[in-house]
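J.: My structure is below; once you've seen it, I'll send some questions.
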Amino acid sequence: MPDNRHPLPQHPLRPPDGPVAHRHQAGGNRRRLLGGRRLHPAGNAHPSGEHRRRRGGRHGALPGEGRHRRQPGPGAHGGGRAADRPGPLVSQRATESLTTEEVERRLPEQEAFARLLLRRIERHLPLGKGARIADVGCAAGALVLALRREGFDALGVEPDHHARRTAAELARRLGEEILVLEGTAEALPLPDASCDLLLASSVFEHVGDLEKSLREARRVLAPGGGLWFYTTSALCPRQQEIRGFPLFGWYPLRLKRRIMRWAVRRRPELVGGTANPALHWFTPGVTRRLLKEAGFGHVINRWRLRLPEEGGVIYRSALKIIQTLPPARLMADILVPESAYLALVEERDDDD
């Protein structure tokens, strides 16, 4: 895609008590981080490429003044499973509260998720190495690090001070670059048209002003760019935002919001300890309308993002039925909690 992007801010993330942490590139070559200054290695070299095993993880994590990003969990990314997000259940605490050691242990999951997600996205939105990617609500920046290891210019945006400090500590411990800027989905600290891809996992359901957040996402995307986000669903009765309320997804919106706010005050363990509970639940139709109003040209649902090679014969057959028959797609949306979308800046004729 033509490079019509504006440079991103040069604010390298500095650990609280030391210089910028960075990574040593394979072959001794060091690259700039999103237009930032050239950095020098601060530790042992790390191999790069597919052999690096690992965020995908609960990207599932990833909201306005804050967001409830849930921890990654096992089985979130494999073949035919529901691998739309990096991470799992709300019974765990919000990922912005994870320790440096906990984040480091989850890096392999984040790397596996990053590779899977990029394979899905690049079928619709080609991304060359060095493409500029921003992870909104990035918590401690594990996905940012995973994307950088894959050769992309990646940074994160995170409102939580504790999470940003954890990112700084993680960068220092690993000797790698992790750039995390203070900001929210409603006020991204990024220039216009500066990103090729924006990621927002478990973010938009938590923001105070959803329409403003989507307009901000569109503002920072370059021509030909895209927004991928993972969020709640109003179609599936099973929810991962709160425990103890059967069929919660089908409750009236006003009641859902009252319950979520009650849980934050009285039973925080039911919502993973987050101070920023979910406020929005999405359907494909409403989501498409909101994205078009924000200036996006084309919307792709999670089922068209799935790749046939992710599963066996039964998976491929079921996926084809879901992708081609609207009643089957509706049934799948009712059965599978949460949802995911890829919104492209450019217009196309085959909108989902």
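Note on naming: chains are A, B, ... as they come in the structure tokens, residues start from 1 per chain, ligands start from 1 in the order shown.
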Skipping near chain neighbours, those fewer than 3 positions away, what residues fall within 8 Å of Glu104 in chain A using only C-alpha atoms, listed as number ranges by chain?
T.: A: 100-101, 107, 142, 170
J.: Would you output that residue set with N, CA and C atoms, as an mmCIF file, in the first residue's frame?
T.:
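Output file result23.cif follows:
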```cif
data_model
loop_
_atom_site.group_PDB
_atom_site.id
_atom_site.type_symbol
_atom_site.label_atom_id
_atom_site.label_comp_id
_atom_site.auth_asym_id
_atom_site.auth_seq_id
_atom_site.Cartn_x
_atom_site.Cartn_y
_atom_site.Cartn_z
ATOM 1 N N THR A 100 4.714 -8.759 36.217
ATOM 2 C CA THR A 100 5.658 -8.943 35.114
ATOM 3 C C THR A 100 5.909 -10.415 34.848
ATOM 4 N N GLU A 101 6.033 -11.206 35.910
ATOM 5 C CA GLU A 101 6.288 -12.640 35.749
ATOM 6 C C GLU A 101 5.119 -13.326 35.052
ATOM 7 N N LEU A 107 3.806 -14.993 27.209
ATOM 8 C CA LEU A 107 4.335 -14.542 25.926
ATOM 9 C C LEU A 107 4.206 -15.589 24.816
ATOM 10 N N ALA A 142 2.232 -7.300 25.878
ATOM 11 C CA ALA A 142 2.702 -8.606 25.414
ATOM 12 C C ALA A 142 2.463 -8.794 23.919
ATOM 13 N N LEU A 170 8.963 -5.320 31.937
ATOM 14 C CA LEU A 170 9.116 -6.451 31.023
ATOM 15 C C LEU A 170 10.155 -6.140 29.949
#
```
J.: Within 6 Å of range 158-160 of chain A, counting only C-alpha atoms, which residues show up once you throw out same-chain ones fewer than 4 positions away? Write them as a PyMOL selection string, please.
T.: chain A and resi 66+137-139+182-184
J.: Please return as a PyMOL selection string: the residues of range 114-273 of chain A that backbone DSSP assigns to alpha helix (DSSP H).
T.: chain A and resi 114-122+142-149+161-174+210-220+253-266
J.: Determine, counting only C-alpha atoms, which protein, DNA and RNA residues have an atom within 12 Å of an atom of Thr99 in chain A; residues of the same chain fewer than 6 positions away are not included. Present the result as a list in words.
T.: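 Everything that qualifies: Gln71, Arg93, Arg105, Arg106, Ala139, Ala140, Ala142, His162, Ala163, Arg164, Arg165, Thr166, Ala167, Ala168, Glu169 and Leu170 of chain A.
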J.: So which one's closest to Gly295 in chain A, A:Asp333, A:Glu122, A:Glu269, A:Glu216? Using only C-alpha atoms, please.
T.: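 Answer, going by the shortest atom-to-atom distance: A:Glu216.
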J.: What does the structure give for the distance between CA of Asp153 in chain A and CA of Gln110 in chain A, in Å to one decimal?
T.: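 That distance, rounded to one decimal, is 16.3 Å.
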J.: Which residue is closest to Arg219 in chain A? Choose from A:Val271, A:Leu190, A:Leu291, A:Val207 and count only C-alpha atoms.
T.: A:Leu190
J.: Of the candidates A:Val220, A:Leu174, A:Val299, A:Ala263, which shows the shortest atom-to-atom distance to Ala193 in chain A, using only C-alpha atoms?
T.: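 Checking each of A:Val220, A:Leu174, A:Val299, A:Ala263 against Ala193 in chain A, counting only C-alpha atoms, the winner is A:Val220.
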